[in-house]
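A.B. asks: PDB, C-alpha atoms and all ligand atoms, saved as entry.pdb, coming up:
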ATOM      1  CA  MET H   1       0.000   0.000   0.000
ATOM      2  CA  SER H   2       1.006   3.569  -0.539
ATOM      3  CA  PHE H   3       1.831   5.733   2.456
ATOM      4  CA  HIS H   4      -0.999   7.939   1.183
ATOM      5  CA  VAL H   5      -4.168   6.989   3.020
ATOM      6  CA  ILE H   6      -7.393   7.253   1.028
ATOM      7  CA  GLU H   7     -10.119   8.693   3.209
ATOM      8  CA  GLN H   8     -13.428   7.055   2.329
ATOM      9  CA  ALA H   9     -16.617   9.051   1.818
ATOM     10  CA  PRO H  10     -19.374   8.348   4.366
ATOM     11  CA  ALA H  11     -20.765   4.866   3.733
ATOM     12  CA  ARG H  12     -24.176   5.184   2.109
ATOM     13  CA  LEU H  13     -26.152   2.752   0.049
ATOM     14  CA  ASN H  14     -26.275   4.192  -3.454
ATOM     15  CA  ARG H  15     -27.408   1.202  -5.539
ATOM     16  CA  SER H  16     -30.269   3.107  -7.135
ATOM     17  CA  GLU H  17     -30.548   6.861  -7.530
ATOM     18  CA  LEU H  18     -33.974   8.041  -8.623
ATOM     19  CA  ALA H  19     -34.279  11.231 -10.673
ATOM     20  CA  VAL H  20     -37.415  13.249  -9.928
ATOM     21  CA  PRO H  21     -38.133  16.576 -11.687
ATOM     22  CA  GLY H  22     -38.680  19.418  -9.234
ATOM     23  CA  SER H  23     -41.462  20.617 -11.515
ATOM     24  CA  ALA H  24     -43.465  17.407 -10.949
ATOM     25  CA  PRO H  25     -44.498  17.526  -7.265
ATOM     26  CA  GLN H  26     -47.209  14.911  -7.954
ATOM     27  CA  MET H  27     -44.365  12.373  -8.236
ATOM     28  CA  PHE H  28     -42.755  13.171  -4.886
ATOM     29  CA  GLN H  29     -44.844  10.984  -2.564
ATOM     30  CA  LYS H  30     -44.462   7.919  -4.777
ATOM     31  CA  ALA H  31     -40.717   8.532  -4.900
ATOM     32  CA  ALA H  32     -40.620   8.729  -1.090
ATOM     33  CA  GLU H  33     -42.364   5.349  -0.883
ATOM     34  CA  SER H  34     -40.099   3.734  -3.487
ATOM     35  CA  GLU H  35     -37.184   1.392  -2.860
ATOM     36  CA  ALA H  36     -34.635   3.899  -4.176
ATOM     37  CA  ASP H  37     -31.561   4.326  -1.979
ATOM     38  CA  VAL H  38     -31.002   7.922  -3.076
ATOM     39  CA  ILE H  39     -33.410  10.431  -4.612
ATOM     40  CA  PHE H  40     -32.311  13.526  -6.439
ATOM     41  CA  LEU H  41     -34.877  16.239  -6.902
ATOM     42  CA  ASP H  42     -33.965  17.980 -10.100
ATOM     43  CA  LEU H  43     -33.696  21.692 -10.783
ATOM     44  CA  GLU H  44     -31.571  21.284 -13.887
ATOM     45  CA  ASP H  45     -32.279  19.636 -17.219
ATOM     46  CA  ALA H  46     -35.677  18.097 -16.441
ATOM     47  CA  VAL H  47     -37.027  21.567 -15.609
ATOM     48  CA  ALA H  48     -37.844  24.220 -18.231
ATOM     49  CA  PRO H  49     -36.408  27.720 -17.673
ATOM     50  CA  ASP H  50     -39.760  29.313 -16.819
ATOM     51  CA  GLU H  51     -40.463  26.579 -14.246
ATOM     52  CA  LYS H  52     -37.190  26.906 -12.324
ATOM     53  CA  ALA H  53     -38.512  29.166  -9.579
ATOM     54  CA  ASP H  54     -41.616  27.026  -8.979
ATOM     55  CA  ALA H  55     -39.534  23.854  -8.992
ATOM     56  CA  ARG H  56     -37.249  25.350  -6.351
ATOM     57  CA  ARG H  57     -40.238  26.177  -4.148
ATOM     58  CA  ASN H  58     -41.699  22.681  -4.678
ATOM     59  CA  ILE H  59     -38.439  21.064  -3.648
ATOM     60  CA  ILE H  60     -38.010  23.170  -0.524
ATOM     61  CA  LYS H  61     -41.575  22.405   0.574
ATOM     62  CA  ALA H  62     -41.184  18.718  -0.164
ATOM     63  CA  LEU H  63     -37.897  18.375   1.697
ATOM     64  CA  ASN H  64     -39.489  19.969   4.736
ATOM     65  CA  GLU H  65     -42.910  18.340   4.626
ATOM     66  CA  ILE H  66     -42.710  14.879   3.058
ATOM     67  CA  ASP H  67     -41.567  11.939   5.165
ATOM     68  CA  TRP H  68     -38.634  10.641   3.133
ATOM     69  CA  GLY H  69     -37.790   8.036   5.775
ATOM     70  CA  THR H  70     -34.134   7.070   5.785
ATOM     71  CA  LYS H  71     -33.561   7.933   2.164
ATOM     72  CA  THR H  72     -30.540   9.920   1.155
ATOM     73  CA  MET H  73     -31.886  13.155  -0.316
ATOM     74  CA  SER H  74     -30.113  15.174  -2.965
ATOM     75  CA  VAL H  75     -30.946  18.182  -5.109
ATOM     76  CA  ARG H  76     -29.457  18.666  -8.548
ATOM     77  CA  ILE H  77     -28.721  22.365  -8.859
ATOM     78  CA  ASN H  78     -28.277  24.171 -12.148
ATOM     79  CA  GLY H  79     -24.862  24.490 -13.745
ATOM     80  CA  LEU H  80     -22.365  27.108 -12.654
ATOM     81  CA  ASP H  81     -22.704  28.808 -16.039
ATOM     82  CA  THR H  82     -26.349  29.741 -15.354
ATOM     83  CA  HIS H  83     -27.811  32.464 -13.167
ATOM     84  CA  TYR H  84     -30.165  29.934 -11.531
ATOM     85  CA  MET H  85     -27.400  28.209  -9.686
ATOM     86  CA  TYR H  86     -26.671  30.697  -6.907
ATOM     87  CA  ARG H  87     -30.326  30.917  -5.922
ATOM     88  CA  ASP H  88     -30.670  27.128  -6.062
ATOM     89  CA  VAL H  89     -27.898  26.827  -3.500
ATOM     90  CA  VAL H  90     -28.935  29.758  -1.315
ATOM     91  CA  ASP H  91     -32.664  29.002  -1.178
ATOM     92  CA  VAL H  92     -32.477  25.231  -0.888
ATOM     93  CA  VAL H  93     -29.693  25.118   1.709
ATOM     94  CA  GLU H  94     -31.083  28.034   3.727
ATOM     95  CA  GLN H  95     -34.647  26.769   3.736
ATOM     96  CA  ALA H  96     -34.275  22.987   3.605
ATOM     97  CA  GLY H  97     -30.648  22.324   4.546
ATOM     98  CA  GLU H  98     -31.615  20.189   7.582
ATOM     99  CA  ARG H  99     -33.108  17.408   5.431
ATOM    100  CA  LEU H 100     -30.698  17.738   2.531
ATOM    101  CA  ASP H 101     -27.898  15.179   2.481
ATOM    102  CA  LEU H 102     -26.261  15.922  -0.851
ATOM    103  CA  ILE H 103     -26.036  18.521  -3.584
ATOM    104  CA  MET H 104     -25.573  17.203  -7.100
ATOM    105  CA  ILE H 105     -23.431  19.446  -9.270
ATOM    106  CA  PRO H 106     -24.040  18.947 -12.998
ATOM    107  CA  LYS H 107     -21.509  19.514 -15.767
ATOM    108  CA  VAL H 108     -18.703  20.123 -13.298
ATOM    109  CA  GLY H 109     -15.642  21.049 -15.321
ATOM    110  CA  THR H 110     -12.817  21.982 -12.993
ATOM    111  CA  ALA H 111     -11.775  21.678  -9.357
ATOM    112  CA  ALA H 112     -12.502  25.419  -9.041
ATOM    113  CA  ASP H 113     -16.190  24.749  -9.774
ATOM    114  CA  VAL H 114     -16.287  22.481  -6.731
ATOM    115  CA  TYR H 115     -14.420  25.040  -4.651
ATOM    116  CA  ALA H 116     -16.931  27.738  -5.562
ATOM    117  CA  VAL H 117     -19.967  25.690  -4.481
ATOM    118  CA  ASP H 118     -18.128  24.510  -1.357
ATOM    119  CA  MET H 119     -17.484  28.115  -0.377
ATOM    120  CA  MET H 120     -21.151  29.057  -0.815
ATOM    121  CA  VAL H 121     -22.491  26.027   1.032
ATOM    122  CA  THR H 122     -20.020  26.523   3.888
ATOM    123  CA  GLN H 123     -21.109  30.130   4.373
ATOM    124  CA  ILE H 124     -24.796  29.204   4.399
ATOM    125  CA  GLU H 125     -24.314  26.273   6.762
ATOM    126  CA  ASP H 126     -22.307  28.443   9.155
ATOM    127  CA  ALA H 127     -24.787  31.312   8.988
ATOM    128  CA  LYS H 128     -27.694  28.976   9.633
ATOM    129  CA  GLY H 129     -25.868  26.999  12.316
ATOM    130  CA  LEU H 130     -26.439  23.723  10.440
ATOM    131  CA  LYS H 131     -24.652  20.892  12.202
ATOM    132  CA  LYS H 132     -24.641  18.342   9.408
ATOM    133  CA  ARG H 133     -22.308  18.985   6.484
ATOM    134  CA  ILE H 134     -23.939  18.554   3.091
ATOM    135  CA  GLY H 135     -22.022  16.261   0.721
ATOM    136  CA  PHE H 136     -21.424  16.671  -3.015
ATOM    137  CA  GLU H 137     -22.128  14.386  -5.928
ATOM    138  CA  HIS H 138     -20.622  15.399  -9.248
ATOM    139  CA  ILE H 139     -21.833  14.518 -12.699
ATOM    140  CA  ILE H 140     -18.913  13.908 -15.020
ATOM    141  CA  GLU H 141     -20.621  14.669 -18.301
ATOM    142  CA  THR H 142     -18.429  16.975 -20.338
ATOM    143  CA  ALA H 143     -15.087  16.567 -22.058
ATOM    144  CA  LEU H 144     -13.692  19.164 -19.641
ATOM    145  CA  GLY H 145     -15.036  17.335 -16.600
ATOM    146  CA  MET H 146     -13.594  14.063 -17.817
ATOM    147  CA  GLN H 147     -10.229  15.682 -18.525
ATOM    148  CA  ASN H 148     -10.139  17.060 -14.973
ATOM    149  CA  VAL H 149     -11.900  14.171 -13.268
ATOM    150  CA  SER H 150      -9.078  13.393 -10.827
ATOM    151  CA  ALA H 151      -8.731  17.005  -9.687
ATOM    152  CA  ILE H 152     -12.514  17.281  -9.316
ATOM    153  CA  ALA H 153     -12.619  14.069  -7.277
ATOM    154  CA  GLY H 154     -10.059  15.447  -4.835
ATOM    155  CA  ALA H 155     -11.365  19.019  -4.723
ATOM    156  CA  SER H 156     -13.476  18.987  -1.547
ATOM    157  CA  LYS H 157     -13.961  17.069   1.663
ATOM    158  CA  ARG H 158     -17.672  17.184   0.850
ATOM    159  CA  ASN H 159     -17.210  14.979  -2.205
ATOM    160  CA  GLU H 160     -19.009  11.648  -1.963
ATOM    161  CA  SER H 161     -19.631  10.336  -5.469
ATOM    162  CA  LEU H 162     -18.951  10.736  -9.177
ATOM    163  CA  HIS H 163     -21.717  10.028 -11.704
ATOM    164  CA  PHE H 164     -21.295   9.287 -15.378
ATOM    165  CA  GLY H 165     -23.749  11.522 -17.227
ATOM    166  CA  VAL H 166     -23.747   9.704 -20.506
ATOM    167  CA  ALA H 167     -26.303  11.930 -22.284
ATOM    168  CA  ASP H 168     -24.464  15.205 -21.878
ATOM    169  CA  TYR H 169     -21.137  13.438 -22.238
ATOM    170  CA  ALA H 170     -22.211  12.221 -25.673
ATOM    171  CA  ALA H 171     -23.266  15.760 -26.584
ATOM    172  CA  SER H 172     -20.026  17.252 -25.300
ATOM    173  CA  THR H 173     -17.714  14.762 -26.991
ATOM    174  CA  ARG H 174     -19.952  14.587 -30.083
ATOM    175  CA  ALA H 175     -20.192  10.849 -29.728
ATOM    176  CA  ARG H 176     -22.537   9.193 -32.190
ATOM    177  CA  THR H 177     -25.420   7.951 -30.171
ATOM    178  CA  THR H 178     -29.165   8.218 -30.272
ATOM    179  CA  ILE H 179     -30.398   6.373 -27.164
ATOM    180  CA  ILE H 180     -29.251   7.655 -23.777
ATOM    181  CA  GLY H 181     -26.760   5.148 -22.375
ATOM    182  CA  GLY H 182     -27.249   2.753 -25.269
ATOM    183  CA  VAL H 183     -24.635   1.410 -27.624
ATOM    184  CA  ASN H 184     -23.923   1.990 -31.305
ATOM    185  CA  PRO H 185     -23.430  -0.931 -33.734
ATOM    186  CA  ASP H 186     -20.764   1.105 -35.523
ATOM    187  CA  TYR H 187     -18.601   0.672 -32.443
ATOM    188  CA  SER H 188     -17.799  -2.900 -33.301
ATOM    189  CA  VAL H 189     -14.995  -5.181 -34.387
ATOM    190  CA  LEU H 190     -15.192  -7.231 -37.560
ATOM    191  CA  THR H 191     -13.398 -10.545 -37.293
ATOM    192  CA  ASP H 192     -11.098 -11.750 -40.048
ATOM    193  CA  ALA H 193     -12.795 -14.017 -42.573
ATOM    194  CA  ASP H 194     -12.942 -17.716 -41.666
ATOM    195  CA  ASP H 195     -12.362 -20.521 -44.209
ATOM    196  CA  GLN H 196     -15.779 -19.951 -45.733
ATOM    197  CA  GLY H 197     -15.224 -16.206 -45.909
ATOM    198  CA  GLY H 198     -17.627 -15.644 -42.994
ATOM    199  CA  ARG H 199     -16.994 -12.700 -40.705
ATOM    200  CA  GLU H 200     -18.542 -11.872 -37.361
ATOM    201  CA  ARG H 201     -19.330  -8.470 -35.907
ATOM    202  CA  HIS H 202     -18.727  -8.040 -32.174
ATOM    203  CA  TRP H 203     -20.352  -5.025 -30.640
ATOM    204  CA  GLY H 204     -18.189  -3.065 -28.236
ATOM    205  CA  ASP H 205     -19.072  -0.842 -25.287
ATOM    206  CA  MET H 206     -18.460   2.693 -26.476
ATOM    207  CA  TRP H 207     -18.664   4.011 -22.883
ATOM    208  CA  HIS H 208     -16.002   1.742 -21.475
ATOM    209  CA  TYR H 209     -13.138   4.207 -21.426
ATOM    210  CA  ALA H 210     -15.152   7.036 -19.911
ATOM    211  CA  LEU H 211     -16.724   4.915 -17.209
ATOM    212  CA  ALA H 212     -13.475   3.147 -16.332
ATOM    213  CA  ARG H 213     -11.637   6.450 -16.110
ATOM    214  CA  MET H 214     -14.281   7.872 -13.806
ATOM    215  CA  VAL H 215     -14.252   4.761 -11.606
ATOM    216  CA  VAL H 216     -10.483   5.059 -11.115
ATOM    217  CA  ALA H 217     -10.708   8.752 -10.183
ATOM    218  CA  ALA H 218     -13.555   8.032  -7.761
ATOM    219  CA  ARG H 219     -11.894   5.102  -6.030
ATOM    220  CA  ALA H 220      -8.493   6.821  -5.826
ATOM    221  CA  ASN H 221     -10.262   9.527  -3.821
ATOM    222  CA  GLY H 222     -12.501   7.307  -1.691
ATOM    223  CA  LEU H 223     -15.684   8.241  -3.609
ATOM    224  CA  ARG H 224     -18.559   6.104  -4.938
ATOM    225  CA  PRO H 225     -18.633   5.712  -8.728
ATOM    226  CA  ILE H 226     -22.216   5.697 -10.005
ATOM    227  CA  ASP H 227     -23.422   5.013 -13.531
ATOM    228  CA  GLY H 228     -25.908   7.511 -14.947
ATOM    229  CA  PRO H 229     -29.090   7.235 -16.971
ATOM    230  CA  PHE H 230     -30.420   4.681 -19.408
ATOM    231  CA  GLY H 231     -33.065   6.467 -21.424
ATOM    232  CA  ASP H 232     -35.258   3.738 -22.881
ATOM    233  CA  PHE H 233     -37.205   2.616 -19.834
ATOM    234  CA  SER H 234     -39.191   0.088 -21.867
ATOM    235  CA  ASP H 235     -35.928  -1.785 -22.591
ATOM    236  CA  ARG H 236     -35.377  -3.743 -19.394
ATOM    237  CA  ASP H 237     -32.711  -6.006 -20.874
ATOM    238  CA  GLY H 238     -30.803  -3.009 -22.198
ATOM    239  CA  TYR H 239     -30.896  -1.405 -18.740
ATOM    240  CA  LEU H 240     -29.777  -4.601 -17.017
ATOM    241  CA  ALA H 241     -26.902  -5.075 -19.461
ATOM    242  CA  ALA H 242     -25.712  -1.490 -18.919
ATOM    243  CA  ALA H 243     -26.030  -1.811 -15.127
ATOM    244  CA  ARG H 244     -24.116  -5.091 -15.088
ATOM    245  CA  ARG H 245     -21.297  -3.652 -17.204
ATOM    246  CA  ALA H 246     -21.031  -0.733 -14.789
ATOM    247  CA  ALA H 247     -21.070  -3.040 -11.758
ATOM    248  CA  VAL H 248     -18.333  -5.206 -13.262
ATOM    249  CA  LEU H 249     -16.124  -2.116 -13.638
ATOM    250  CA  GLY H 250     -16.639  -1.175  -9.983
ATOM    251  CA  CYS H 251     -19.678   1.126  -9.973
ATOM    252  CA  GLU H 252     -21.826   0.936  -6.836
ATOM    253  CA  GLY H 253     -25.032   2.183  -8.335
ATOM    254  CA  LYS H 254     -26.989   3.391 -11.313
ATOM    255  CA  TRP H 255     -29.571   6.062 -11.919
ATOM    256  CA  ALA H 256     -33.210   5.279 -12.348
ATOM    257  CA  ILE H 257     -34.944   7.834 -14.552
ATOM    258  CA  HIS H 258     -38.187   5.879 -14.142
ATOM    259  CA  PRO H 259     -39.465   4.014 -11.056
ATOM    260  CA  SER H 260     -39.409   0.725 -13.002
ATOM    261  CA  GLN H 261     -35.607   0.894 -13.091
ATOM    262  CA  ILE H 262     -35.163   1.057  -9.295
ATOM    263  CA  ALA H 263     -35.576  -2.650  -8.548
ATOM    264  CA  MET H 264     -33.222  -3.575 -11.381
ATOM    265  CA  ALA H 265     -30.516  -1.250 -10.073
ATOM    266  CA  ASN H 266     -30.936  -2.534  -6.518
ATOM    267  CA  GLU H 267     -30.679  -6.107  -7.683
ATOM    268  CA  VAL H 268     -27.657  -5.696  -9.946
ATOM    269  CA  MET H 269     -25.786  -3.524  -7.440
ATOM    270  CA  SER H 270     -26.347  -5.866  -4.465
ATOM    271  CA  PRO H 271     -23.994  -8.769  -3.923
ATOM    272  CA  SER H 272     -25.716 -12.117  -4.489
ATOM    273  CA  GLU H 273     -26.310 -14.525  -1.593
ATOM    274  CA  GLY H 274     -23.661 -16.842  -3.033
ATOM    275  CA  GLU H 275     -21.093 -14.049  -3.162
ATOM    276  CA  VAL H 276     -21.813 -13.022   0.416
ATOM    277  CA  THR H 277     -21.590 -16.606   1.715
ATOM    278  CA  LYS H 278     -18.293 -17.115  -0.068
ATOM    279  CA  ALA H 279     -16.940 -13.836   1.316
ATOM    280  CA  GLN H 280     -17.990 -14.851   4.840
ATOM    281  CA  ARG H 281     -16.226 -18.193   4.405
ATOM    282  CA  ILE H 282     -13.060 -16.407   3.259
ATOM    283  CA  LEU H 283     -13.114 -14.205   6.357
ATOM    284  CA  SER H 284     -13.738 -17.189   8.676
ATOM    285  CA  ALA H 285     -10.903 -19.123   7.040
ATOM    286  CA  MET H 286      -8.636 -16.132   7.580
ATOM    287  CA  ALA H 287      -9.656 -15.803  11.232
ATOM    288  CA  GLU H 288      -9.024 -19.539  11.807
ATOM    289  CA  ALA H 289      -5.621 -19.407  10.129
ATOM    290  CA  GLU H 290      -4.673 -16.391  12.199
ATOM    291  CA  ALA H 291      -5.748 -18.114  15.414
ATOM    292  CA  ALA H 292      -3.641 -21.137  14.450
ATOM    293  CA  GLY H 293      -0.679 -18.857  13.772
ATOM    294  CA  LYS H 294      -0.608 -19.734  10.068
ATOM    295  CA  GLY H 295       0.455 -17.136   7.521
ATOM    296  CA  ALA H 296      -1.116 -18.632   4.424
ATOM    297  CA  VAL H 297      -4.864 -19.143   4.188
ATOM    298  CA  SER H 298      -6.562 -21.582   1.871
ATOM    299  CA  LEU H 299     -10.185 -22.307   1.064
ATOM    300  CA  ASP H 300     -11.548 -25.073  -1.172
ATOM    301  CA  GLY H 301      -8.000 -25.947  -2.197
ATOM    302  CA  ARG H 302      -7.149 -22.411  -3.290
ATOM    303  CA  LEU H 303      -4.775 -19.967  -1.715
ATOM    304  CA  ILE H 304      -6.435 -16.785  -0.482
ATOM    305  CA  ASP H 305      -4.321 -13.683  -0.662
ATOM    306  CA  TYR H 306      -4.804 -10.377   1.077
ATOM    307  CA  ALA H 307      -6.486  -8.870  -1.995
ATOM    308  CA  SER H 308      -9.270 -11.479  -1.818
ATOM    309  CA  ILE H 309      -9.618 -10.833   1.899
ATOM    310  CA  ARG H 310     -10.075  -7.108   1.281
ATOM    311  CA  GLN H 311     -12.645  -7.830  -1.426
ATOM    312  CA  ALA H 312     -14.466 -10.164   0.966
ATOM    313  CA  GLU H 313     -14.518  -7.476   3.648
ATOM    314  CA  VAL H 314     -16.024  -4.940   1.213
ATOM    315  CA  LEU H 315     -18.716  -7.407   0.164
ATOM    316  CA  VAL H 316     -19.669  -8.386   3.705
ATOM    317  CA  GLU H 317     -19.826  -4.721   4.708
ATOM    318  CA  LYS H 318     -22.092  -3.958   1.722
ATOM    319  CA  ALA H 319     -24.380  -6.885   2.687
ATOM    320  CA  ARG H 320     -24.506  -5.532   6.245
ATOM    321  CA  GLN H 321     -25.553  -2.081   4.990
ATOM    322  CA  ILE H 322     -28.253  -3.585   2.790
ATOM    323  CA  ALA H 323     -29.600  -5.700   5.671
ATOM    324  CA  ALA H 324     -29.600  -2.660   7.972
ATOM    325  CA  ALA H 325     -31.576  -0.629   5.426
ATOM    326  CA  ALA H 326     -34.189  -3.332   4.817
TER     327      ALA H 326
HETATM  328  C1  LIG Y   1     -27.184  13.244 -17.006
HETATM  329  O1  LIG Y   1     -27.348  14.337 -16.551
HETATM  330  C2  LIG Y   1     -26.750  13.034 -18.341
HETATM  331  O2  LIG Y   1     -26.528  14.034 -19.046
HETATM  332  O3  LIG Y   1     -26.624  11.871 -18.736
HETATM  333 MG    MG Y   2     -26.783  15.868 -17.939
END
Kindly transcribe the structure held in the file into structure tokens.
C.D. replies:
Amino acid sequence: MSFHVIEQAPARLNRSELAVPGSAPQMFQKAAESEADVIFLDLEDAVAPDEKADARRNIIKALNEIDWGTKTMSVRINGLDTHYMYRDVVDVVEQAGERLDLIMIPKVGTAADVYAVDMMVTQIEDAKGLKKRIGFEHIIETALGMQNVSAIAGASKRNESLHFGVADYAASTRARTTIIGGVNPDYSVLTDADDQGGRERHWGDMWHYALARMVVAARANGLRPIDGPFGDFSDRDGYLAAARRAAVLGCEGKWAIHPSQIAMANEVMSPSEGEVTKAQRILSAMAEAEAAGKGAVSLDGRLIDYASIRQAEVLVEKARQIAAAA
């Protein structure tokens, strides 16, 4: 291990993150009763410019009046390039800061963007005497944000998670895509011809580099990497495939832009019973070996190294969090 200790963000379940437009208060109660781990009430792209002020009022009222239970509550503010943003921060933190856990910062481009919001939030919290510090989630969804992702990840003690905003990322990088979070058959490999001249086309994951880069920056700074939206909510298989790819790369959660996606995210992002049992067996084998004064640990005829022990610990801890939340 490096001498540099990675401080971990507060442990929160973040398997599913439900997006709810601030301009649609009729959806709030259902969201509160859903199985989503995190809810973000949106002031940004799901809200039209002439509805911003109403949406802000709706969100403040809802944070104060609706029983959100133990859910982690977030508000997506507008981008730092708009004049809505300062009032989003001031009004929401001043008037509903007690129930707000996180602020989601869209289109973050540089570490200075994070610094600016941190400065504002700190002043408001101090002025209001708020005890709890509000955390930050950042959407990495521009070429600039991706270029500076490591600096952004390390820019504030409030940082908790990085989110891959595939829709805006595609717009910013001018990637060729039509469905949010979907794949493009042109991003494929054609095999060489076989004896009969036959060739196969293997589709690739055009988001692999971006997501993997974001996961590394998040983990190197103790943050949760979260995969963003999948637009076609009638395509359950497409959603599941995208969520599984993200989970394999190390993401802890995925957005749900429709309530029907929540259960799928929770399922994919939870360790299976088999995985948890195996992890528990690894930890017991380690404890037994330690008690017997043995250095090397083996299970089912295989040597267990310290990396597998650390993975087992992470899994068992995740299972404990899920059980506690149930
Ligand atoms: C999310 O905000 C996205 O642009 O994908
Ligand atoms: Mg976006």
A.B. asks: Would you tabulate, counting all atoms listed in the file, all residues of segment 57-94 of chain H that have an atom at most 10 Å from an atom of segment 12-34 of chain H, showing the closest pair of atoms and their distance in Å to one decimal, sorted by chain then ascending number, as JSON lines?
C.D. replies:
{"residue": "H:Arg57", "atom": "CA", "partner": "H:Gly22", "partner_atom": "CA", "distance": 8.6}
{"residue": "H:Asn58", "atom": "CA", "partner": "H:Gly22", "partner_atom": "CA", "distance": 6.4}
{"residue": "H:Ile59", "atom": "CA", "partner": "H:Gly22", "partner_atom": "CA", "distance": 5.8}
{"residue": "H:Ile60", "atom": "CA", "partner": "H:Gly22", "partner_atom": "CA", "distance": 9.5}
{"residue": "H:Lys61", "atom": "CA", "partner": "H:Pro25", "partner_atom": "CA", "distance": 9.7}
{"residue": "H:Ala62", "atom": "CA", "partner": "H:Phe28", "partner_atom": "CA", "distance": 7.5}
{"residue": "H:Leu63", "atom": "CA", "partner": "H:Phe28", "partner_atom": "CA", "distance": 9.7}
{"residue": "H:Ile66", "atom": "CA", "partner": "H:Gln29", "partner_atom": "CA", "distance": 7.2}
{"residue": "H:Asp67", "atom": "CA", "partner": "H:Ala32", "partner_atom": "CA", "distance": 7.1}
{"residue": "H:Trp68", "atom": "CA", "partner": "H:Ala32", "partner_atom": "CA", "distance": 5.0}
{"residue": "H:Gly69", "atom": "CA", "partner": "H:Ala32", "partner_atom": "CA", "distance": 7.5}
{"residue": "H:Thr70", "atom": "CA", "partner": "H:Ala32", "partner_atom": "CA", "distance": 9.6}
{"residue": "H:Lys71", "atom": "CA", "partner": "H:Ala32", "partner_atom": "CA", "distance": 7.8}
{"residue": "H:Thr72", "atom": "CA", "partner": "H:Arg12", "partner_atom": "CA", "distance": 8.0}
{"residue": "H:Met73", "atom": "CA", "partner": "H:Glu17", "partner_atom": "CA", "distance": 9.7}
{"residue": "H:Ser74", "atom": "CA", "partner": "H:Glu17", "partner_atom": "CA", "distance": 9.5}
{"residue": "H:Val75", "atom": "CA", "partner": "H:Gly22", "partner_atom": "CA", "distance": 8.9}
{"residue": "H:Arg76", "atom": "CA", "partner": "H:Ala19", "partner_atom": "CA", "distance": 9.1}
A.B. asks: Would you save the residues from that selection as a PDB file, in the frame of the given file, using C-alpha atoms?
C.D. replies:
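File produced: selection_0.pdb:
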ATOM      1  CA  ARG H  57     -40.238  26.177  -4.148  1.00  0.00           C
ATOM      2  CA  ASN H  58     -41.699  22.681  -4.678  1.00  0.00           C
ATOM      3  CA  ILE H  59     -38.439  21.064  -3.648  1.00  0.00           C
ATOM      4  CA  ILE H  60     -38.010  23.170  -0.524  1.00  0.00           C
ATOM      5  CA  LYS H  61     -41.575  22.405   0.574  1.00  0.00           C
ATOM      6  CA  ALA H  62     -41.184  18.718  -0.164  1.00  0.00           C
ATOM      7  CA  LEU H  63     -37.897  18.375   1.697  1.00  0.00           C
ATOM      8  CA  ILE H  66     -42.710  14.879   3.058  1.00  0.00           C
ATOM      9  CA  ASP H  67     -41.567  11.939   5.165  1.00  0.00           C
ATOM     10  CA  TRP H  68     -38.634  10.641   3.133  1.00  0.00           C
ATOM     11  CA  GLY H  69     -37.790   8.036   5.775  1.00  0.00           C
ATOM     12  CA  THR H  70     -34.134   7.070   5.785  1.00  0.00           C
ATOM     13  CA  LYS H  71     -33.561   7.933   2.164  1.00  0.00           C
ATOM     14  CA  THR H  72     -30.540   9.920   1.155  1.00  0.00           C
ATOM     15  CA  MET H  73     -31.886  13.155  -0.316  1.00  0.00           C
ATOM     16  CA  SER H  74     -30.113  15.174  -2.965  1.00  0.00           C
ATOM     17  CA  VAL H  75     -30.946  18.182  -5.109  1.00  0.00           C
ATOM     18  CA  ARG H  76     -29.457  18.666  -8.548  1.00  0.00           C
TER      19      ARG H  76
END
A.B. asks: May I have a table of the residues of chain H lying at most 7 Å from ligand LIG 1 (chain Y), giving each one's closest pair of atoms and their distance in Å to one decimal, counting only C-alpha atoms and all ligand atoms, ordered by chain and ascending residue number, as JSON lines?
C.D. replies:
{"residue": "H:Pro106", "atom": "CA", "partner": "Y:LIG1", "partner_atom": "O1", "distance": 6.7}
{"residue": "H:Ile139", "atom": "CA", "partner": "Y:LIG1", "partner_atom": "O1", "distance": 6.7}
{"residue": "H:Glu141", "atom": "CA", "partner": "Y:LIG1", "partner_atom": "O2", "distance": 6.0}
{"residue": "H:Phe164", "atom": "CA", "partner": "Y:LIG1", "partner_atom": "O3", "distance": 6.8}
{"residue": "H:Gly165", "atom": "CA", "partner": "Y:LIG1", "partner_atom": "O3", "distance": 3.3}
{"residue": "H:Val166", "atom": "CA", "partner": "Y:LIG1", "partner_atom": "O3", "distance": 4.0}
{"residue": "H:Ala167", "atom": "CA", "partner": "Y:LIG1", "partner_atom": "O3", "distance": 3.6}
{"residue": "H:Asp168", "atom": "CA", "partner": "Y:LIG1", "partner_atom": "O2", "distance": 3.7}
{"residue": "H:Tyr169", "atom": "CA", "partner": "Y:LIG1", "partner_atom": "O2", "distance": 6.3}
{"residue": "H:Gly228", "atom": "CA", "partner": "Y:LIG1", "partner_atom": "O3", "distance": 5.8}
{"residue": "H:Pro229", "atom": "CA", "partner": "Y:LIG1", "partner_atom": "O3", "distance": 5.5}
A.B. asks: Atom CA of Phe40 of chain H and atom CA of Ala263 of chain H are how many Å apart?
C.D. replies: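 Computing the Euclidean distance for atom CA of Phe40 of chain H and atom CA of Ala263 of chain H yields 16.6 Å.
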A.B. asks: With distances taken over only C-alpha atoms and all ligand atoms, which residue among H:Gly274, H:Gly231, H:Gly222, H:Gly182 lies nearest ligand MG 2 (chain Y)?
C.D. replies: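 The closest residue to ligand MG 2 (chain Y) is H:Gly231.
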A.B. asks: Name the residues that the PyMOL selection byres (((chain H and resi 202) around 8) and not hetatm) pulls out of this structure, and write them as a short mmCIF file (atom, residue, chain, number, x, y, z; two decimals) with C-alpha atoms, in the coordinates of the input.
C.D. replies:
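Once written, part-v2.cif looks like this:
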data_model
loop_
_atom_site.label_atom_id
_atom_site.label_comp_id
_atom_site.auth_asym_id
_atom_site.auth_seq_id
_atom_site.Cartn_x
_atom_site.Cartn_y
_atom_site.Cartn_z
CA SER H 188 -17.80 -2.90 -33.30
CA VAL H 189 -15.00 -5.18 -34.39
CA LEU H 190 -15.19 -7.23 -37.56
CA THR H 191 -13.40 -10.54 -37.29
CA GLU H 200 -18.54 -11.87 -37.36
CA ARG H 201 -19.33 -8.47 -35.91
CA TRP H 203 -20.35 -5.03 -30.64
CA GLY H 204 -18.19 -3.06 -28.24
#
